[in-house]
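*Asks:* For reference, the file input_16.txt (compact mmCIF, N, CA and C atoms) is included below:
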```txt
# COMPACT_ATOMS: atom_id res chain seq x y z
N MET A 1 -127.37 34.96 7.05
CA MET A 1 -126.22 35.29 7.87
C MET A 1 -126.68 36.16 9.03
N ALA A 2 -126.32 35.78 10.23
CA ALA A 2 -126.73 36.53 11.41
C ALA A 2 -125.94 37.83 11.51
N GLU A 3 -126.61 38.86 11.96
CA GLU A 3 -125.94 40.16 12.13
C GLU A 3 -125.01 40.09 13.35
N GLU A 4 -123.79 40.62 13.18
CA GLU A 4 -122.83 40.60 14.28
C GLU A 4 -123.25 41.59 15.36
N GLU A 5 -123.09 41.17 16.61
CA GLU A 5 -123.43 42.04 17.72
C GLU A 5 -122.29 43.04 17.94
N LEU A 6 -122.63 44.30 18.05
CA LEU A 6 -121.63 45.34 18.22
C LEU A 6 -121.02 45.29 19.62
N VAL A 7 -119.75 45.67 19.70
CA VAL A 7 -119.04 45.72 20.98
C VAL A 7 -119.06 47.17 21.45
N LYS A 8 -119.48 47.38 22.70
CA LYS A 8 -119.55 48.73 23.27
C LYS A 8 -118.26 49.00 24.06
N LEU A 9 -117.60 50.11 23.72
CA LEU A 9 -116.35 50.49 24.37
C LEU A 9 -116.43 51.91 24.90
N LYS A 10 -115.79 52.14 26.04
CA LYS A 10 -115.55 53.52 26.49
C LYS A 10 -114.09 53.59 26.88
N PHE A 11 -113.54 54.79 26.81
CA PHE A 11 -112.13 54.98 27.04
C PHE A 11 -111.92 55.87 28.26
N ARG A 12 -111.19 55.37 29.24
CA ARG A 12 -110.90 56.11 30.46
C ARG A 12 -109.58 56.86 30.28
N LEU A 13 -109.64 58.17 30.42
CA LEU A 13 -108.46 59.01 30.23
C LEU A 13 -107.67 59.15 31.52
N TYR A 14 -106.51 59.77 31.45
CA TYR A 14 -105.59 59.87 32.60
C TYR A 14 -106.17 60.59 33.80
N ASP A 15 -107.15 61.49 33.58
CA ASP A 15 -107.71 62.24 34.70
C ASP A 15 -108.99 61.62 35.25
N GLY A 16 -109.34 60.44 34.78
CA GLY A 16 -110.54 59.74 35.26
C GLY A 16 -111.79 60.00 34.45
N SER A 17 -111.74 60.93 33.50
CA SER A 17 -112.91 61.18 32.65
C SER A 17 -112.99 60.11 31.55
N ASP A 18 -114.16 59.99 30.97
CA ASP A 18 -114.40 58.96 29.96
C ASP A 18 -114.76 59.56 28.61
N MET A 19 -114.41 58.84 27.56
CA MET A 19 -114.87 59.13 26.20
C MET A 19 -115.76 57.95 25.81
N GLY A 20 -116.94 58.25 25.30
CA GLY A 20 -117.80 57.16 24.85
C GLY A 20 -119.00 56.98 25.74
N PRO A 21 -119.73 55.91 25.60
CA PRO A 21 -119.39 54.67 24.91
C PRO A 21 -119.59 54.78 23.38
N PHE A 22 -118.76 54.01 22.67
CA PHE A 22 -118.83 53.89 21.22
C PHE A 22 -119.12 52.44 20.88
N GLN A 23 -119.66 52.21 19.69
CA GLN A 23 -119.95 50.85 19.26
C GLN A 23 -119.09 50.50 18.05
N TYR A 24 -118.52 49.30 18.08
CA TYR A 24 -117.65 48.82 17.01
C TYR A 24 -118.04 47.40 16.62
N LEU A 25 -117.74 47.05 15.39
CA LEU A 25 -117.88 45.67 14.96
C LEU A 25 -116.80 44.85 15.63
N PRO A 26 -117.07 43.58 15.95
CA PRO A 26 -116.05 42.74 16.58
C PRO A 26 -114.81 42.56 15.70
N THR A 27 -114.95 42.76 14.40
CA THR A 27 -113.82 42.58 13.49
C THR A 27 -112.98 43.85 13.32
N SER A 28 -113.36 44.95 14.00
CA SER A 28 -112.56 46.19 13.94
C SER A 28 -111.24 45.95 14.64
N ASN A 29 -110.17 46.58 14.12
CA ASN A 29 -108.87 46.39 14.78
C ASN A 29 -108.56 47.57 15.70
N ILE A 30 -107.53 47.40 16.50
CA ILE A 30 -107.16 48.40 17.51
C ILE A 30 -106.71 49.70 16.86
N ALA A 31 -106.13 49.63 15.68
CA ALA A 31 -105.69 50.85 14.99
C ALA A 31 -106.87 51.79 14.74
N MET A 32 -108.04 51.25 14.48
CA MET A 32 -109.24 52.08 14.29
C MET A 32 -109.58 52.82 15.58
N LEU A 33 -109.40 52.16 16.71
CA LEU A 33 -109.68 52.80 18.00
C LEU A 33 -108.71 53.94 18.24
N TRP A 34 -107.44 53.72 17.95
CA TRP A 34 -106.44 54.77 18.15
C TRP A 34 -106.80 56.01 17.35
N GLU A 35 -107.17 55.81 16.08
CA GLU A 35 -107.51 56.95 15.22
C GLU A 35 -108.71 57.72 15.76
N ARG A 36 -109.71 57.00 16.24
CA ARG A 36 -110.90 57.68 16.78
C ARG A 36 -110.57 58.45 18.05
N ILE A 37 -109.74 57.88 18.90
CA ILE A 37 -109.36 58.56 20.14
C ILE A 37 -108.63 59.86 19.83
N VAL A 38 -107.70 59.81 18.88
CA VAL A 38 -106.96 61.02 18.51
C VAL A 38 -107.92 62.06 17.93
N ALA A 39 -108.85 61.63 17.08
CA ALA A 39 -109.78 62.56 16.43
C ALA A 39 -110.74 63.21 17.43
N GLU A 40 -111.15 62.47 18.46
CA GLU A 40 -112.16 62.96 19.39
C GLU A 40 -111.58 63.32 20.77
N TRP A 41 -110.27 63.48 20.86
CA TRP A 41 -109.64 63.82 22.14
C TRP A 41 -110.16 65.17 22.62
N PRO A 42 -110.57 65.28 23.89
CA PRO A 42 -111.09 66.55 24.42
C PRO A 42 -110.04 67.67 24.32
N LYS A 43 -110.46 68.81 23.84
CA LYS A 43 -109.54 69.93 23.61
C LYS A 43 -109.07 70.58 24.91
N ASP A 44 -109.78 70.38 26.02
CA ASP A 44 -109.43 71.04 27.27
C ASP A 44 -108.39 70.28 28.10
N LYS A 45 -107.87 69.17 27.61
CA LYS A 45 -106.89 68.37 28.35
C LYS A 45 -105.49 68.93 28.17
N LYS A 46 -104.69 68.86 29.24
CA LYS A 46 -103.32 69.36 29.18
C LYS A 46 -102.45 68.49 28.29
N ILE A 47 -102.62 67.19 28.40
CA ILE A 47 -101.84 66.24 27.60
C ILE A 47 -102.72 65.80 26.44
N ALA A 48 -102.21 65.97 25.22
CA ALA A 48 -102.98 65.59 24.04
C ALA A 48 -102.08 64.85 23.06
N PRO A 49 -102.51 63.69 22.57
CA PRO A 49 -101.71 62.97 21.59
C PRO A 49 -101.77 63.65 20.23
N LYS A 50 -100.66 63.62 19.50
CA LYS A 50 -100.64 64.20 18.16
C LYS A 50 -100.99 63.17 17.09
N GLY A 51 -100.81 61.90 17.43
CA GLY A 51 -101.10 60.83 16.48
C GLY A 51 -101.31 59.52 17.21
N ALA A 52 -101.62 58.49 16.45
CA ALA A 52 -101.91 57.18 17.03
C ALA A 52 -100.69 56.58 17.73
N ASN A 53 -99.50 56.96 17.32
CA ASN A 53 -98.29 56.43 17.96
C ASN A 53 -98.10 56.94 19.38
N ASP A 54 -98.81 57.98 19.74
CA ASP A 54 -98.70 58.57 21.08
C ASP A 54 -99.65 57.92 22.09
N ILE A 55 -100.40 56.91 21.66
CA ILE A 55 -101.43 56.31 22.51
C ILE A 55 -101.15 54.83 22.76
N LYS A 56 -101.41 54.43 24.00
CA LYS A 56 -101.41 53.01 24.37
C LYS A 56 -102.77 52.71 24.97
N LEU A 57 -103.38 51.62 24.56
CA LEU A 57 -104.66 51.17 25.12
C LEU A 57 -104.40 49.97 26.01
N ILE A 58 -105.00 50.00 27.20
CA ILE A 58 -104.82 48.91 28.15
C ILE A 58 -106.19 48.31 28.46
N ASN A 59 -106.26 46.99 28.30
CA ASN A 59 -107.50 46.26 28.59
C ASN A 59 -107.12 45.01 29.37
N THR A 60 -107.77 44.78 30.48
CA THR A 60 -107.50 43.66 31.39
C THR A 60 -106.01 43.54 31.72
N GLY A 61 -105.37 44.68 31.94
CA GLY A 61 -103.98 44.71 32.36
C GLY A 61 -102.96 44.49 31.26
N LYS A 62 -103.39 44.44 30.00
CA LYS A 62 -102.46 44.20 28.90
C LYS A 62 -102.53 45.35 27.91
N ILE A 63 -101.36 45.73 27.38
CA ILE A 63 -101.31 46.74 26.32
C ILE A 63 -101.75 46.07 25.03
N LEU A 64 -102.72 46.69 24.37
CA LEU A 64 -103.27 46.10 23.15
C LEU A 64 -102.40 46.43 21.95
N GLU A 65 -102.15 45.43 21.13
CA GLU A 65 -101.35 45.60 19.93
C GLU A 65 -102.25 45.93 18.75
N ASN A 66 -101.65 46.47 17.73
CA ASN A 66 -102.35 46.96 16.55
C ASN A 66 -103.16 45.87 15.84
N ASP A 67 -102.68 44.65 15.82
CA ASP A 67 -103.32 43.59 15.04
C ASP A 67 -104.47 42.89 15.77
N LYS A 68 -104.71 43.23 17.01
CA LYS A 68 -105.78 42.59 17.78
C LYS A 68 -107.14 43.13 17.36
N MET A 69 -108.15 42.27 17.40
CA MET A 69 -109.51 42.66 17.04
C MET A 69 -110.30 43.04 18.29
N VAL A 70 -111.26 43.94 18.12
CA VAL A 70 -112.09 44.42 19.22
C VAL A 70 -112.87 43.25 19.84
N GLY A 71 -113.32 42.32 19.05
CA GLY A 71 -114.08 41.18 19.54
C GLY A 71 -113.28 40.31 20.50
N GLN A 72 -111.94 40.35 20.40
CA GLN A 72 -111.09 39.57 21.30
C GLN A 72 -110.96 40.20 22.68
N CYS A 73 -111.46 41.41 22.86
CA CYS A 73 -111.35 42.12 24.13
C CYS A 73 -112.51 41.83 25.07
N ARG A 74 -113.49 41.09 24.62
CA ARG A 74 -114.65 40.76 25.47
C ARG A 74 -114.26 39.80 26.57
N VAL A 75 -114.93 39.94 27.71
CA VAL A 75 -114.75 39.01 28.82
C VAL A 75 -115.83 37.94 28.66
N PRO A 76 -115.44 36.68 28.46
CA PRO A 76 -116.42 35.64 28.19
C PRO A 76 -117.08 35.06 29.44
N VAL A 77 -117.48 35.90 30.37
CA VAL A 77 -118.06 35.43 31.63
C VAL A 77 -119.50 35.91 31.71
N GLY A 78 -120.44 35.01 31.65
CA GLY A 78 -121.86 35.33 31.84
C GLY A 78 -122.34 36.54 31.08
N ASP A 79 -123.02 37.45 31.78
CA ASP A 79 -123.58 38.65 31.17
C ASP A 79 -122.54 39.72 30.88
N LEU A 80 -121.33 39.57 31.39
CA LEU A 80 -120.28 40.57 31.18
C LEU A 80 -119.85 40.65 29.72
N SER A 81 -120.11 39.59 28.95
CA SER A 81 -119.70 39.59 27.54
C SER A 81 -120.46 40.65 26.74
N LYS A 82 -121.60 41.12 27.26
CA LYS A 82 -122.39 42.13 26.54
C LYS A 82 -122.30 43.50 27.21
N ALA A 83 -121.52 43.63 28.27
CA ALA A 83 -121.39 44.90 28.99
C ALA A 83 -120.45 45.84 28.25
N VAL A 84 -120.46 47.10 28.65
CA VAL A 84 -119.55 48.09 28.08
C VAL A 84 -118.14 47.79 28.58
N ILE A 85 -117.19 47.73 27.66
CA ILE A 85 -115.79 47.47 28.00
C ILE A 85 -115.09 48.80 28.21
N THR A 86 -114.41 48.94 29.34
CA THR A 86 -113.65 50.16 29.61
C THR A 86 -112.19 49.87 29.33
N MET A 87 -111.62 50.69 28.45
CA MET A 87 -110.19 50.59 28.13
C MET A 87 -109.50 51.84 28.66
N HIS A 88 -108.35 51.65 29.25
CA HIS A 88 -107.58 52.77 29.76
C HIS A 88 -106.68 53.30 28.66
N VAL A 89 -106.64 54.63 28.56
CA VAL A 89 -105.83 55.28 27.52
C VAL A 89 -104.63 55.95 28.19
N VAL A 90 -103.46 55.61 27.72
CA VAL A 90 -102.24 56.26 28.17
C VAL A 90 -101.73 57.08 27.00
N ALA A 91 -101.69 58.38 27.19
CA ALA A 91 -101.21 59.28 26.13
C ALA A 91 -99.83 59.78 26.51
N GLN A 92 -98.87 59.50 25.67
CA GLN A 92 -97.49 59.95 25.88
C GLN A 92 -97.03 60.64 24.61
N PRO A 93 -97.30 61.93 24.49
CA PRO A 93 -96.88 62.64 23.29
C PRO A 93 -95.37 62.58 23.11
N SER A 94 -94.95 62.36 21.88
CA SER A 94 -93.52 62.31 21.62
C SER A 94 -92.95 63.72 21.76
N VAL A 95 -91.83 63.80 22.42
CA VAL A 95 -91.19 65.08 22.69
C VAL A 95 -89.83 65.06 22.02
N ALA A 96 -89.46 66.18 21.41
CA ALA A 96 -88.15 66.28 20.80
C ALA A 96 -87.09 66.11 21.89
N LYS A 97 -86.05 65.40 21.57
CA LYS A 97 -85.02 65.13 22.57
C LYS A 97 -84.28 66.41 22.90
N VAL A 98 -84.28 66.74 24.17
CA VAL A 98 -83.62 67.93 24.66
C VAL A 98 -82.45 67.49 25.51
N LYS A 99 -81.30 68.11 25.31
CA LYS A 99 -80.13 67.74 26.09
C LYS A 99 -80.29 68.24 27.51
N THR A 100 -80.18 67.33 28.43
CA THR A 100 -80.35 67.66 29.84
C THR A 100 -79.00 67.73 30.53
N GLU A 101 -78.99 68.17 31.77
CA GLU A 101 -77.76 68.25 32.54
C GLU A 101 -77.15 66.86 32.72
N LYS A 102 -77.98 65.86 32.90
CA LYS A 102 -77.48 64.50 33.10
C LYS A 102 -76.73 64.03 31.86
N GLU A 103 -77.27 64.31 30.68
CA GLU A 103 -76.60 63.91 29.46
C GLU A 103 -75.27 64.64 29.31
N GLU A 104 -75.21 65.88 29.75
CA GLU A 104 -73.96 66.63 29.68
C GLU A 104 -72.93 66.01 30.61
N ASP A 105 -73.38 65.48 31.76
CA ASP A 105 -72.47 64.85 32.70
C ASP A 105 -71.91 63.53 32.17
N GLU A 106 -72.60 62.92 31.22
CA GLU A 106 -72.15 61.64 30.69
C GLU A 106 -70.97 61.79 29.74
N VAL A 107 -70.64 63.01 29.36
CA VAL A 107 -69.49 63.23 28.50
C VAL A 107 -68.24 62.88 29.30
N PRO A 108 -67.36 62.04 28.72
CA PRO A 108 -66.19 61.64 29.50
C PRO A 108 -65.31 62.84 29.84
N ARG A 109 -64.87 62.90 31.08
CA ARG A 109 -64.02 63.98 31.55
C ARG A 109 -62.60 63.45 31.73
N LYS A 110 -61.68 64.32 31.46
CA LYS A 110 -60.29 63.96 31.71
C LYS A 110 -60.00 64.19 33.19
N ASN A 111 -59.30 63.26 33.75
CA ASN A 111 -58.94 63.39 35.15
C ASN A 111 -57.77 64.36 35.25
N LEU A 112 -57.97 65.53 35.84
CA LEU A 112 -56.94 66.55 35.91
C LEU A 112 -55.88 66.23 36.96
N TYR A 113 -56.22 65.49 37.96
CA TYR A 113 -55.29 65.19 39.03
C TYR A 113 -55.20 63.68 39.18
N PRO A 114 -54.41 63.06 38.33
CA PRO A 114 -54.31 61.60 38.44
C PRO A 114 -53.64 61.18 39.74
N CYS A 115 -54.07 60.10 40.26
CA CYS A 115 -53.52 59.59 41.52
C CYS A 115 -52.77 58.31 41.22
N SER A 116 -51.56 58.22 41.66
CA SER A 116 -50.75 57.02 41.46
C SER A 116 -50.34 56.45 42.81
N ILE A 117 -50.47 55.19 42.94
CA ILE A 117 -50.03 54.53 44.16
C ILE A 117 -48.78 53.73 43.80
N LEU A 118 -47.70 54.04 44.49
CA LEU A 118 -46.42 53.36 44.20
C LEU A 118 -46.16 52.24 45.15
```
As structure tokens - that is how I would like this structure written.
*Replies:*
Amino acid sequence: MAEEELVKLKFRLYDGSDMGPFQYLPTSNIAMLWERIVAEWPKDKKIAPKGANDIKLINTGKILENDKMVGQCRVPVGDLSKAVITMHVVAQPSVAKVKTEKEEDEVPRKNLYPCSIL
């Protein structure tokens, strides 16, 4: 049985800095990437995910779903299939819902001065 060739990935963060490159088996799923990103997130960043649900990975313009395999992210063009793949990381930490002024305005108001046209 031939040994599987590892896929090299690096992750581009919101400020342009990179994490990696890391090597994964082509059969690794995207959930494994999410967990590693959360575990190795730089401590000096203002925005930090608390869990895998706070992260979106984007590769070739598409948001990657949990069930996709790392091997499916390769570009099958010439020598690029063996190059380091850069994935963009979007971190959106979940925030407790806070009532804003706009939400307060959405409460129905009684019209104090009704207008009637006869």
*Asks:* Can you report as JSON the centre and edge lengths in Å, to one decimal, of an axis-aligned box around the listed atoms of stretch 27-34 of chain A padded with 4 Å on each side?
*Replies:*
```
{"center_x": -110.3, "center_y": 49.3, "center_z": 15.8, "size_x": 17.3, "size_y": 21.4, "size_z": 12.9}
```
*Asks:* Please measure the separation of atom CA of A:Asn29 and atom CA of A:Gly71, giving the value in Å to one decimal.
*Replies:*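 That distance, rounded to one decimal, is 8.8 Å.
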*Asks:* Restricting the calculation to all atoms listed in the file: of A:Lys8, A:Lys45, A:Lys68, A:His88, which residue gets closest to A:Ile30?
*Replies:* A:Lys68
*Asks:* Extract, using only C-alpha atoms, all DNA, RNA and protein residues at most 10 Å from A:Ala91, discarding same-chain residues fewer than 2 positions from it, and format them as a list of chain:residue names.
*Replies:*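 Close residues of A:Ala91: A:Leu13, A:Tyr14, A:Val38, A:Ile47, A:Ala48, A:Pro49, A:Lys50, A:Gly51, A:Ala52, A:Asn53, A:Asp54, A:Ile55, A:Lys56, A:Leu57, A:His88, A:Val89, A:Pro93, A:Ser94.
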*Asks:* Residues as selected, N, CA and C atoms, written as a tab-separated table (two decimals), in the frame of the given file, can you do that?
*Replies:*
```
chain	number	residue	atom	x	y	z
A	13	LEU	N	-109.64	58.17	30.42
A	13	LEU	CA	-108.46	59.01	30.23
A	13	LEU	C	-107.67	59.15	31.52
A	14	TYR	N	-106.51	59.77	31.45
A	14	TYR	CA	-105.59	59.87	32.60
A	14	TYR	C	-106.17	60.59	33.80
A	38	VAL	N	-107.70	59.81	18.88
A	38	VAL	CA	-106.96	61.02	18.51
A	38	VAL	C	-107.92	62.06	17.93
A	47	ILE	N	-102.62	67.19	28.40
A	47	ILE	CA	-101.84	66.24	27.60
A	47	ILE	C	-102.72	65.80	26.44
A	48	ALA	N	-102.21	65.97	25.22
A	48	ALA	CA	-102.98	65.59	24.04
A	48	ALA	C	-102.08	64.85	23.06
A	49	PRO	N	-102.51	63.69	22.57
A	49	PRO	CA	-101.71	62.97	21.59
A	49	PRO	C	-101.77	63.65	20.23
A	50	LYS	N	-100.66	63.62	19.50
A	50	LYS	CA	-100.64	64.20	18.16
A	50	LYS	C	-100.99	63.17	17.09
A	51	GLY	N	-100.81	61.90	17.43
A	51	GLY	CA	-101.10	60.83	16.48
A	51	GLY	C	-101.31	59.52	17.21
A	52	ALA	N	-101.62	58.49	16.45
A	52	ALA	CA	-101.91	57.18	17.03
A	52	ALA	C	-100.69	56.58	17.73
A	53	ASN	N	-99.50	56.96	17.32
A	53	ASN	CA	-98.29	56.43	17.96
A	53	ASN	C	-98.10	56.94	19.38
A	54	ASP	N	-98.81	57.98	19.74
A	54	ASP	CA	-98.70	58.57	21.08
A	54	ASP	C	-99.65	57.92	22.09
A	55	ILE	N	-100.40	56.91	21.66
A	55	ILE	CA	-101.43	56.31	22.51
A	55	ILE	C	-101.15	54.83	22.76
A	56	LYS	N	-101.41	54.43	24.00
A	56	LYS	CA	-101.41	53.01	24.37
A	56	LYS	C	-102.77	52.71	24.97
A	57	LEU	N	-103.38	51.62	24.56
A	57	LEU	CA	-104.66	51.17	25.12
A	57	LEU	C	-104.40	49.97	26.01
A	88	HIS	N	-108.35	51.65	29.25
A	88	HIS	CA	-107.58	52.77	29.76
A	88	HIS	C	-106.68	53.30	28.66
A	89	VAL	N	-106.64	54.63	28.56
A	89	VAL	CA	-105.83	55.28	27.52
A	89	VAL	C	-104.63	55.95	28.19
A	93	PRO	N	-97.30	61.93	24.49
A	93	PRO	CA	-96.88	62.64	23.29
A	93	PRO	C	-95.37	62.58	23.11
A	94	SER	N	-94.95	62.36	21.88
A	94	SER	CA	-93.52	62.31	21.62
A	94	SER	C	-92.95	63.72	21.76
```
*Asks:* For A:Gln23, please output as an NGL selection string all residues within 6.5 Å (counting only N, CA and C atoms; exclusion window: fewer than 3 positions along the same chain).
*Replies:* :A and (6-9)
*Asks:* Report, in Å to a single decimal, how far apart atom CA of A:Ala31 and atom CA of A:Gly16 are.
*Replies:*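 Between these atoms lies a distance of 22.7 Å.
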*Asks:* Could you state the separation of atom C of A:Ala83 and atom N of A:Thr60 in Å, given to one decimal place?
*Replies:*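 Going from atom C of A:Ala83 over to atom N of A:Thr60 covers 12.9 Å.
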*Asks:* Which one is closest to A:Trp34: A:Glu5, A:Arg74, A:Ser17, A:Val90? Count only C-alpha atoms.
*Replies:*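 Nearest to A:Trp34: A:Val90.
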